[in-house]
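Below is start.pdb, holding PDB, C-alpha atoms and all ligand atoms.
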```
ATOM      1  CA  MET A   1       0.000   0.000   0.000  1.00  0.00           C
ATOM      2  CA  THR A   2       1.074   3.564  -0.672  1.00  0.00           C
ATOM      3  CA  PRO A   3      -0.641   6.929  -0.136  1.00  0.00           C
ATOM      4  CA  HIS A   4      -1.913   6.681  -3.726  1.00  0.00           C
ATOM      5  CA  ASN A   5      -2.545   3.001  -4.110  1.00  0.00           C
ATOM      6  CA  GLU A   6      -4.401   0.556  -1.887  1.00  0.00           C
ATOM      7  CA  ALA A   7      -3.239  -2.543  -3.787  1.00  0.00           C
ATOM      8  CA  LYS A   8      -1.217  -5.112  -1.873  1.00  0.00           C
ATOM      9  CA  ALA A   9       2.119  -6.547  -2.991  1.00  0.00           C
ATOM     10  CA  GLY A  10       1.359  -9.106  -5.695  1.00  0.00           C
ATOM     11  CA  ASP A  11      -1.857  -7.421  -6.840  1.00  0.00           C
ATOM     12  CA  TYR A  12      -0.336  -6.171 -10.108  1.00  0.00           C
ATOM     13  CA  ALA A  13       0.981  -8.234 -12.987  1.00  0.00           C
ATOM     14  CA  GLU A  14       4.522  -7.567 -14.230  1.00  0.00           C
ATOM     15  CA  THR A  15       3.020  -6.010 -17.353  1.00  0.00           C
ATOM     16  CA  VAL A  16       0.859  -2.936 -16.897  1.00  0.00           C
ATOM     17  CA  LEU A  17      -1.049  -0.867 -19.451  1.00  0.00           C
ATOM     18  CA  LEU A  18      -1.219   2.817 -18.539  1.00  0.00           C
ATOM     19  CA  PRO A  19      -4.089   4.938 -19.852  1.00  0.00           C
ATOM     20  CA  GLY A  20      -4.451   8.448 -18.428  1.00  0.00           C
ATOM     21  CA  ASP A  21      -8.185   8.162 -17.930  1.00  0.00           C
ATOM     22  CA  PRO A  22      -9.517   5.978 -15.089  1.00  0.00           C
ATOM     23  CA  LEU A  23     -12.661   5.114 -17.046  1.00  0.00           C
ATOM     24  CA  ARG A  24     -10.535   3.954 -19.948  1.00  0.00           C
ATOM     25  CA  ALA A  25      -8.689   1.665 -17.532  1.00  0.00           C
ATOM     26  CA  LYS A  26     -12.039   0.243 -16.447  1.00  0.00           C
ATOM     27  CA  TRP A  27     -13.186  -0.132 -20.050  1.00  0.00           C
ATOM     28  CA  ILE A  28      -9.988  -1.974 -21.052  1.00  0.00           C
ATOM     29  CA  ALA A  29     -10.282  -4.301 -18.044  1.00  0.00           C
ATOM     30  CA  GLU A  30     -13.966  -5.051 -18.575  1.00  0.00           C
ATOM     31  CA  THR A  31     -13.873  -5.286 -22.370  1.00  0.00           C
ATOM     32  CA  PHE A  32     -10.716  -7.245 -23.082  1.00  0.00           C
ATOM     33  CA  MET A  33      -9.463  -8.936 -19.931  1.00  0.00           C
ATOM     34  CA  ALA A  34     -10.668 -12.136 -18.272  1.00  0.00           C
ATOM     35  CA  ASP A  35     -11.260 -12.333 -14.518  1.00  0.00           C
ATOM     36  CA  ALA A  36     -10.474  -8.637 -14.075  1.00  0.00           C
ATOM     37  CA  ARG A  37     -10.640  -7.375 -10.516  1.00  0.00           C
ATOM     38  CA  GLN A  38     -10.164  -3.836  -9.278  1.00  0.00           C
ATOM     39  CA  VAL A  39      -6.950  -3.473  -7.272  1.00  0.00           C
ATOM     40  CA  ASN A  40      -6.888   0.295  -6.783  1.00  0.00           C
ATOM     41  CA  GLY A  41      -9.574   2.913  -6.283  1.00  0.00           C
ATOM     42  CA  VAL A  42      -7.713   5.617  -4.355  1.00  0.00           C
ATOM     43  CA  ARG A  43      -8.686   9.038  -5.826  1.00  0.00           C
ATOM     44  CA  ASN A  44     -10.710   7.050  -8.353  1.00  0.00           C
ATOM     45  CA  CYS A  45      -7.437   6.484 -10.218  1.00  0.00           C
ATOM     46  CA  LEU A  46      -8.557   2.964 -11.050  1.00  0.00           C
ATOM     47  CA  GLY A  47      -6.319  -0.070 -11.434  1.00  0.00           C
ATOM     48  CA  PHE A  48      -7.281  -3.625 -12.444  1.00  0.00           C
ATOM     49  CA  THR A  49      -5.573  -6.989 -12.809  1.00  0.00           C
ATOM     50  CA  GLY A  50      -6.777  -9.902 -14.895  1.00  0.00           C
ATOM     51  CA  THR A  51      -5.572 -12.028 -17.763  1.00  0.00           C
ATOM     52  CA  TYR A  52      -5.385 -11.555 -21.512  1.00  0.00           C
ATOM     53  CA  LYS A  53      -4.885 -14.612 -23.738  1.00  0.00           C
ATOM     54  CA  GLY A  54      -4.038 -16.508 -20.561  1.00  0.00           C
ATOM     55  CA  ARG A  55      -1.284 -14.116 -19.447  1.00  0.00           C
ATOM     56  CA  PRO A  56      -1.558 -11.943 -16.312  1.00  0.00           C
ATOM     57  CA  VAL A  57      -1.862  -8.259 -17.144  1.00  0.00           C
ATOM     58  CA  SER A  58      -2.815  -5.104 -15.264  1.00  0.00           C
ATOM     59  CA  VAL A  59      -4.144  -1.728 -16.297  1.00  0.00           C
ATOM     60  CA  GLN A  60      -3.626   1.339 -14.118  1.00  0.00           C
ATOM     61  CA  ALA A  61      -4.760   4.895 -14.829  1.00  0.00           C
ATOM     62  CA  THR A  62      -2.070   7.564 -14.422  1.00  0.00           C
ATOM     63  CA  GLY A  63      -4.130  10.737 -14.424  1.00  0.00           C
ATOM     64  CA  MET A  64      -2.994  13.592 -16.651  1.00  0.00           C
ATOM     65  CA  GLY A  65       0.526  14.991 -16.764  1.00  0.00           C
ATOM     66  CA  GLN A  66       3.978  13.847 -15.783  1.00  0.00           C
ATOM     67  CA  ALA A  67       3.662  14.798 -12.105  1.00  0.00           C
ATOM     68  CA  SER A  68       0.678  12.502 -11.658  1.00  0.00           C
ATOM     69  CA  ALA A  69       1.897   9.737 -13.970  1.00  0.00           C
ATOM     70  CA  SER A  70       5.307   9.624 -12.267  1.00  0.00           C
ATOM     71  CA  ILE A  71       3.753   8.770  -8.914  1.00  0.00           C
ATOM     72  CA  TYR A  72       1.868   5.763 -10.280  1.00  0.00           C
ATOM     73  CA  ILE A  73       4.769   4.624 -12.463  1.00  0.00           C
ATOM     74  CA  HIS A  74       7.354   4.933  -9.672  1.00  0.00           C
ATOM     75  CA  GLU A  75       5.173   2.933  -7.309  1.00  0.00           C
ATOM     76  CA  LEU A  76       4.225   0.299  -9.884  1.00  0.00           C
ATOM     77  CA  ILE A  77       7.894  -0.385 -10.534  1.00  0.00           C
ATOM     78  CA  ASN A  78       9.312  -0.075  -7.035  1.00  0.00           C
ATOM     79  CA  MET A  79       6.484  -1.207  -4.789  1.00  0.00           C
ATOM     80  CA  TYR A  80       4.574  -3.591  -7.069  1.00  0.00           C
ATOM     81  CA  GLY A  81       7.258  -5.163  -9.271  1.00  0.00           C
ATOM     82  CA  ALA A  82       6.053  -3.917 -12.672  1.00  0.00           C
ATOM     83  CA  ARG A  83       8.620  -4.688 -15.382  1.00  0.00           C
ATOM     84  CA  THR A  84       6.854  -3.775 -18.632  1.00  0.00           C
ATOM     85  CA  LEU A  85       4.835  -0.555 -18.844  1.00  0.00           C
ATOM     86  CA  ILE A  86       2.854   0.380 -21.935  1.00  0.00           C
ATOM     87  CA  ARG A  87       1.164   3.754 -22.028  1.00  0.00           C
ATOM     88  CA  VAL A  88      -2.014   3.739 -24.115  1.00  0.00           C
ATOM     89  CA  GLY A  89      -3.096   7.334 -24.539  1.00  0.00           C
ATOM     90  CA  THR A  90      -4.199  10.056 -26.884  1.00  0.00           C
ATOM     91  CA  CYS A  91      -2.023  12.756 -28.372  1.00  0.00           C
ATOM     92  CA  GLY A  92      -2.300  16.012 -30.255  1.00  0.00           C
ATOM     93  CA  GLY A  93      -0.922  16.091 -33.795  1.00  0.00           C
ATOM     94  CA  LEU A  94       2.032  18.365 -34.609  1.00  0.00           C
ATOM     95  CA  ASN A  95       2.627  17.118 -38.174  1.00  0.00           C
ATOM     96  CA  ALA A  96       0.127  17.196 -41.032  1.00  0.00           C
ATOM     97  CA  ARG A  97       1.113  13.652 -42.089  1.00  0.00           C
ATOM     98  CA  VAL A  98      -0.393  12.337 -38.868  1.00  0.00           C
ATOM     99  CA  LYS A  99      -4.160  12.079 -39.361  1.00  0.00           C
ATOM    100  CA  VAL A 100      -6.822  11.953 -36.703  1.00  0.00           C
ATOM    101  CA  GLY A 101      -7.158   8.311 -35.566  1.00  0.00           C
ATOM    102  CA  ASP A 102      -3.599   7.375 -36.558  1.00  0.00           C
ATOM    103  CA  LEU A 103      -1.379   5.643 -34.036  1.00  0.00           C
ATOM    104  CA  VAL A 104       1.861   7.273 -32.947  1.00  0.00           C
ATOM    105  CA  LEU A 105       4.564   5.143 -31.348  1.00  0.00           C
ATOM    106  CA  ALA A 106       6.901   7.327 -29.326  1.00  0.00           C
ATOM    107  CA  GLN A 107      10.372   6.168 -30.250  1.00  0.00           C
ATOM    108  CA  ALA A 108      11.613   9.013 -28.066  1.00  0.00           C
ATOM    109  CA  ALA A 109      10.053  11.802 -26.056  1.00  0.00           C
ATOM    110  CA  CYS A 110      11.199  15.396 -25.681  1.00  0.00           C
ATOM    111  CA  THR A 111       9.911  17.373 -22.722  1.00  0.00           C
ATOM    112  CA  ASN A 112       9.834  20.785 -21.089  1.00  0.00           C
ATOM    113  CA  SER A 113       9.453  19.147 -17.685  1.00  0.00           C
ATOM    114  CA  GLY A 114      11.734  20.487 -14.957  1.00  0.00           C
ATOM    115  CA  MET A 115      11.521  17.067 -13.296  1.00  0.00           C
ATOM    116  CA  ILE A 116      13.630  15.627 -16.075  1.00  0.00           C
ATOM    117  CA  ARG A 117      15.699  18.651 -17.126  1.00  0.00           C
ATOM    118  CA  ASP A 118      16.949  19.282 -13.614  1.00  0.00           C
ATOM    119  CA  ALA A 119      17.918  15.663 -12.969  1.00  0.00           C
ATOM    120  CA  PHE A 120      20.637  15.560 -15.646  1.00  0.00           C
ATOM    121  CA  VAL A 121      22.306  18.997 -15.531  1.00  0.00           C
ATOM    122  CA  PRO A 122      24.529  19.782 -17.453  1.00  0.00           C
ATOM    123  CA  TYR A 123      23.169  17.190 -19.894  1.00  0.00           C
ATOM    124  CA  SER A 124      19.808  16.914 -21.598  1.00  0.00           C
ATOM    125  CA  PHE A 125      18.717  13.294 -21.279  1.00  0.00           C
ATOM    126  CA  ALA A 126      17.097  11.593 -24.296  1.00  0.00           C
ATOM    127  CA  PRO A 127      14.173   9.477 -23.042  1.00  0.00           C
ATOM    128  CA  ILE A 128      13.676   6.513 -25.401  1.00  0.00           C
ATOM    129  CA  ALA A 129      11.312   3.584 -25.788  1.00  0.00           C
ATOM    130  CA  ASP A 130      12.343  -0.001 -25.177  1.00  0.00           C
ATOM    131  CA  PHE A 131      13.481  -1.205 -28.593  1.00  0.00           C
ATOM    132  CA  GLY A 132      12.037  -4.721 -28.264  1.00  0.00           C
ATOM    133  CA  LEU A 133       8.583  -3.404 -27.392  1.00  0.00           C
ATOM    134  CA  LEU A 134       8.772  -0.757 -30.098  1.00  0.00           C
ATOM    135  CA  ARG A 135       9.754  -3.280 -32.741  1.00  0.00           C
ATOM    136  CA  ALA A 136       7.095  -5.775 -31.645  1.00  0.00           C
ATOM    137  CA  MET A 137       4.345  -3.185 -31.697  1.00  0.00           C
ATOM    138  CA  ALA A 138       5.411  -1.622 -34.990  1.00  0.00           C
ATOM    139  CA  ASP A 139       5.514  -5.089 -36.639  1.00  0.00           C
ATOM    140  CA  LYS A 140       2.118  -6.016 -35.280  1.00  0.00           C
ATOM    141  CA  ALA A 141       0.535  -2.723 -36.324  1.00  0.00           C
ATOM    142  CA  GLU A 142       1.937  -3.182 -39.820  1.00  0.00           C
ATOM    143  CA  THR A 143       0.526  -6.723 -40.045  1.00  0.00           C
ATOM    144  CA  ARG A 144      -2.874  -5.330 -39.039  1.00  0.00           C
ATOM    145  CA  LYS A 145      -2.548  -2.556 -41.607  1.00  0.00           C
ATOM    146  CA  LEU A 146      -3.102   0.092 -38.961  1.00  0.00           C
ATOM    147  CA  ARG A 147      -2.060   3.652 -39.828  1.00  0.00           C
ATOM    148  CA  LEU A 148       1.067   4.084 -37.728  1.00  0.00           C
ATOM    149  CA  HIS A 149       3.857   6.609 -37.294  1.00  0.00           C
ATOM    150  CA  VAL A 150       7.029   5.854 -35.345  1.00  0.00           C
ATOM    151  CA  GLY A 151       9.066   8.836 -34.229  1.00  0.00           C
ATOM    152  CA  ASN A 152       9.677  11.574 -31.759  1.00  0.00           C
ATOM    153  CA  MET A 153       6.979  12.901 -29.437  1.00  0.00           C
ATOM    154  CA  VAL A 154       6.919  15.705 -26.894  1.00  0.00           C
ATOM    155  CA  ALA A 155       5.550  15.186 -23.421  1.00  0.00           C
ATOM    156  CA  ASP A 156       4.491  18.702 -22.540  1.00  0.00           C
ATOM    157  CA  ASP A 157       3.704  20.044 -19.086  1.00  0.00           C
ATOM    158  CA  ILE A 158       1.378  22.619 -20.665  1.00  0.00           C
ATOM    159  CA  PHE A 159      -1.879  21.682 -22.373  1.00  0.00           C
ATOM    160  CA  TYR A 160      -3.095  25.221 -23.071  1.00  0.00           C
ATOM    161  CA  HIS A 161      -0.102  26.976 -24.604  1.00  0.00           C
ATOM    162  CA  PRO A 162      -1.021  30.683 -24.674  1.00  0.00           C
ATOM    163  CA  ASN A 163       0.271  31.029 -28.250  1.00  0.00           C
ATOM    164  CA  GLY A 164      -1.012  27.721 -29.617  1.00  0.00           C
ATOM    165  CA  LEU A 165       1.224  25.840 -32.024  1.00  0.00           C
ATOM    166  CA  ASP A 166       3.990  28.428 -31.546  1.00  0.00           C
ATOM    167  CA  GLY A 167       4.262  27.178 -27.974  1.00  0.00           C
ATOM    168  CA  TYR A 168       5.977  24.050 -29.297  1.00  0.00           C
ATOM    169  CA  GLY A 169       8.853  26.139 -30.689  1.00  0.00           C
ATOM    170  CA  ALA A 170      11.211  24.385 -33.091  1.00  0.00           C
ATOM    171  CA  LEU A 171       9.971  20.880 -32.250  1.00  0.00           C
ATOM    172  CA  PRO A 172       7.557  20.344 -35.190  1.00  0.00           C
ATOM    173  CA  ALA A 173      10.285  21.520 -37.613  1.00  0.00           C
ATOM    174  CA  HIS A 174      12.587  18.886 -36.089  1.00  0.00           C
ATOM    175  CA  GLY A 175      10.273  15.981 -36.820  1.00  0.00           C
ATOM    176  CA  VAL A 176       8.373  15.826 -33.549  1.00  0.00           C
ATOM    177  CA  LEU A 177       5.112  14.202 -34.577  1.00  0.00           C
ATOM    178  CA  ALA A 178       2.757  14.656 -31.667  1.00  0.00           C
ATOM    179  CA  VAL A 179       2.256  15.865 -28.112  1.00  0.00           C
ATOM    180  CA  ASP A 180       1.140  13.990 -25.023  1.00  0.00           C
ATOM    181  CA  MET A 181       1.772  14.801 -21.379  1.00  0.00           C
ATOM    182  CA  GLU A 182       3.307  11.622 -19.917  1.00  0.00           C
ATOM    183  CA  SER A 183       5.702   9.745 -22.188  1.00  0.00           C
ATOM    184  CA  ALA A 184       9.037  11.392 -21.259  1.00  0.00           C
ATOM    185  CA  ALA A 185       8.478  10.732 -17.562  1.00  0.00           C
ATOM    186  CA  LEU A 186       7.548   7.125 -18.330  1.00  0.00           C
ATOM    187  CA  TYR A 187      10.732   6.582 -20.367  1.00  0.00           C
ATOM    188  CA  THR A 188      12.946   8.348 -17.844  1.00  0.00           C
ATOM    189  CA  LEU A 189      11.648   6.328 -14.894  1.00  0.00           C
ATOM    190  CA  ALA A 190      11.926   3.113 -16.916  1.00  0.00           C
ATOM    191  CA  ALA A 191      15.571   3.948 -17.641  1.00  0.00           C
ATOM    192  CA  ARG A 192      16.217   4.833 -14.001  1.00  0.00           C
ATOM    193  CA  PHE A 193      14.854   1.563 -12.703  1.00  0.00           C
ATOM    194  CA  GLY A 194      15.863  -0.746 -15.550  1.00  0.00           C
ATOM    195  CA  VAL A 195      12.429  -1.749 -16.832  1.00  0.00           C
ATOM    196  CA  ARG A 196      10.801  -1.699 -20.285  1.00  0.00           C
ATOM    197  CA  ALA A 197       8.453   1.039 -21.450  1.00  0.00           C
ATOM    198  CA  LEU A 198       6.617   2.117 -24.565  1.00  0.00           C
ATOM    199  CA  THR A 199       4.023   4.775 -25.393  1.00  0.00           C
ATOM    200  CA  VAL A 200       1.392   4.309 -28.069  1.00  0.00           C
ATOM    201  CA  CYS A 201      -1.105   7.095 -28.639  1.00  0.00           C
ATOM    202  CA  THR A 202      -4.105   7.636 -30.849  1.00  0.00           C
ATOM    203  CA  MET A 203      -3.992  11.098 -32.382  1.00  0.00           C
ATOM    204  CA  SER A 204      -7.239  12.689 -31.204  1.00  0.00           C
ATOM    205  CA  ASP A 205      -6.856  16.308 -32.320  1.00  0.00           C
ATOM    206  CA  CYS A 206      -4.574  17.932 -34.819  1.00  0.00           C
ATOM    207  CA  LEU A 207      -3.032  21.177 -33.595  1.00  0.00           C
ATOM    208  CA  ILE A 208      -2.314  22.233 -37.197  1.00  0.00           C
ATOM    209  CA  THR A 209      -5.661  21.568 -38.915  1.00  0.00           C
ATOM    210  CA  HIS A 210      -7.800  21.612 -35.732  1.00  0.00           C
ATOM    211  CA  GLU A 211      -9.497  18.454 -36.923  1.00  0.00           C
ATOM    212  CA  GLU A 212     -10.884  16.367 -34.055  1.00  0.00           C
ATOM    213  CA  MET A 213     -11.972  12.763 -33.747  1.00  0.00           C
ATOM    214  CA  SER A 214     -15.662  11.938 -33.836  1.00  0.00           C
ATOM    215  CA  ALA A 215     -17.027   9.921 -30.928  1.00  0.00           C
ATOM    216  CA  GLN A 216     -17.534   6.879 -33.171  1.00  0.00           C
ATOM    217  CA  HIS A 217     -14.053   7.061 -34.682  1.00  0.00           C
ATOM    218  CA  ARG A 218     -12.617   7.428 -31.190  1.00  0.00           C
ATOM    219  CA  GLN A 219     -14.240   4.165 -30.121  1.00  0.00           C
ATOM    220  CA  THR A 220     -12.955   2.058 -33.036  1.00  0.00           C
ATOM    221  CA  ALA A 221      -9.494   3.632 -32.814  1.00  0.00           C
ATOM    222  CA  LEU A 222      -9.304   2.896 -29.104  1.00  0.00           C
ATOM    223  CA  VAL A 223     -10.274  -0.731 -29.696  1.00  0.00           C
ATOM    224  CA  ASP A 224      -7.423  -1.037 -32.225  1.00  0.00           C
ATOM    225  CA  MET A 225      -4.937   0.553 -29.813  1.00  0.00           C
ATOM    226  CA  ALA A 226      -6.013  -1.456 -26.772  1.00  0.00           C
ATOM    227  CA  THR A 227      -5.897  -4.811 -28.570  1.00  0.00           C
ATOM    228  CA  LEU A 228      -2.555  -3.943 -30.171  1.00  0.00           C
ATOM    229  CA  ALA A 229      -1.057  -3.077 -26.777  1.00  0.00           C
ATOM    230  CA  LEU A 230      -2.554  -6.137 -25.091  1.00  0.00           C
ATOM    231  CA  ASP A 231      -1.269  -8.432 -27.823  1.00  0.00           C
ATOM    232  CA  VAL A 232       2.227  -7.007 -27.424  1.00  0.00           C
ATOM    233  CA  ALA A 233       1.878  -7.345 -23.642  1.00  0.00           C
ATOM    234  CA  ALA A 234       0.846 -10.986 -23.998  1.00  0.00           C
ATOM    235  CA  GLU A 235       3.632 -11.935 -26.387  1.00  0.00           C
ATOM    236  CA  THR A 236       6.726 -10.129 -25.226  1.00  0.00           C
TER     237      THR A 236
HETATM  238  N1  LIG B   1      -1.726  18.231 -25.872  1.00  0.00           N
HETATM  239  C1  LIG B   1      -2.460  18.766 -26.828  1.00  0.00           C
HETATM  240  N2  LIG B   1      -3.436  18.118 -27.424  1.00  0.00           N
HETATM  241  C2  LIG B   1      -3.682  16.880 -27.056  1.00  0.00           C
HETATM  242  C3  LIG B   1      -2.945  16.268 -26.095  1.00  0.00           C
HETATM  243  C4  LIG B   1      -1.920  16.981 -25.466  1.00  0.00           C
HETATM  244  O1  LIG B   1      -1.222  16.501 -24.576  1.00  0.00           O
HETATM  245  N3  LIG B   1      -3.452  15.022 -25.959  1.00  0.00           N
HETATM  246  C5  LIG B   1      -4.462  14.887 -26.815  1.00  0.00           C
HETATM  247  N4  LIG B   1      -4.606  16.014 -27.482  1.00  0.00           N
END
```

The structure in this file should be written as structure tokens.
Amino acid sequence: MTPHNEAKAGDYAETVLLPGDPLRAKWIAETFMADARQVNGVRNCLGFTGTYKGRPVSVQATGMGQASASIYIHELINMYGARTLIRVGTCGGLNARVKVGDLVLAQAACTNSGMIRDAFVPYSFAPIADFGLLRAMADKAETRKLRLHVGNMVADDIFYHPNGLDGYGALPAHGVLAVDMESAALYTLAARFGVRALTVCTMSDCLITHEEMSAQHRQTALVDMATLALDVAAET
């Protein structure tokens, strides 16, 4: 038990999916997992453990942003023995090639987070995905003919940049495909504690065209992302 998590040691599987939204955690557990039971309800930041294709798997919501996500991720690794963490989220598009509903695999994640910048002075650390997970998910997405982009993402501490797209500075011109708010912290903590991590996001709103996902498109895209992540979780 921790101040943020009422689960007991052994309540989580070694592989944990990490959506931001607690209700998405519940939906993943109830829709795709067998024998799912709730293991955490503190602050309604829901966590579940069950099986998928016969393999134990957990899903734990992180809340929004790196400050919140870091608490759950740190505790999952250090108090609950998580060894493979797969974030399943949404992201904003920063490149016109990335269409609403497309999947973005974060090969790496830039950030403006002081949590990460300050930990490596005078260096700037490059948070990267686990290559085995990245390769497995990219291969599987290709087999399923899902629209997928693999590249750099930015995990931003600011959702509402006062000057919109300009708030992302030179990043889009340097190939950064999309923005979320958690992936750099996930990769940095995974590196710190020697575990595997990957972020896959569905692009839900394009910051260039202002196109947004319809409710129906959101549902089918989320099914594709959840089953892709679970299949990677079950096989790697
Ligand atoms: N930032 C901007 N737009 C978004 C994000 C984000 O983190 N996630 C989904 N759309």

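The coordinates place CA of Met225 (chain A) at 13.5 Å from CA of Val100 (chain A).
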
Using the chain letters and numbering of this document, enumerate as a compact mmCIF listing (two decimals) with C-alpha atoms, keeping the file's coordinate frame the residues selected by the PyMOL selection byres (((chain A and resi 22-32) around 6) and not hetatm).
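Written out: part00.txt:
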```txt
# COMPACT_ATOMS: atom_id res chain seq x y z
CA ASP A 21 -8.18 8.16 -17.93
CA MET A 33 -9.46 -8.94 -19.93
CA ALA A 36 -10.47 -8.64 -14.08
CA CYS A 45 -7.44 6.48 -10.22
CA LEU A 46 -8.56 2.96 -11.05
CA VAL A 59 -4.14 -1.73 -16.30
CA ALA A 61 -4.76 4.89 -14.83
```

For this session: Throw together the list of residues within 8 Å of ligand LIG 1 (chain B), counting only C-alpha atoms and all ligand atoms, and drop it here as number ranges by chain.
Result: A: 89-93, 155-156, 158-160, 179-181, 203-207

Exercise. Written as JSON, numbers by chain, which residues does the PyMOL selection byres (((chain A and resi 230) around 12) and not hetatm) give for the file shown?
Worked result: {"A": [15, 16, 17, 18, 28, 29, 31, 32, 33, 50, 51, 52, 53, 54, 55, 56, 57, 58, 59, 84, 85, 86, 87, 88, 133, 136, 137, 140, 200, 222, 223, 224, 225, 226, 227, 228, 229, 231, 232, 233, 234, 235, 236]}

Exercise. Hey, which of A:Ala13, A:Ala221, A:Ile73, A:Ala67 ends up closest to Tyr187 (chain A)? Count only C-alpha atoms.
Worked result: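 Using only C-alpha atoms, the shortest distance to Tyr187 (chain A) belongs to A:Ile73.
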
Problem set entry | Residue among A:His149, A:Arg43, A:Arg192, A:Arg97 lying closest to Asn78 (chain A), counting all atoms listed in the file |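 Among A:His149, A:Arg43, A:Arg192, A:Arg97, it is A:Arg192 that comes nearest to Asn78 (chain A).
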
For this session: Could you state which residues are captured by the PyMOL selection byres (((chain A and resi 62) around 7) and not hetatm) in this file, as a list in words?
Result: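 Checking the PyMOL selection byres (((chain A and resi 62) around 7) and not hetatm) against this file, the residues are Leu18, Pro19, Gly20, Cys45, Gln60, Ala61, Gly63, Met64, Ser68, Ala69 and Tyr72 of chain A.
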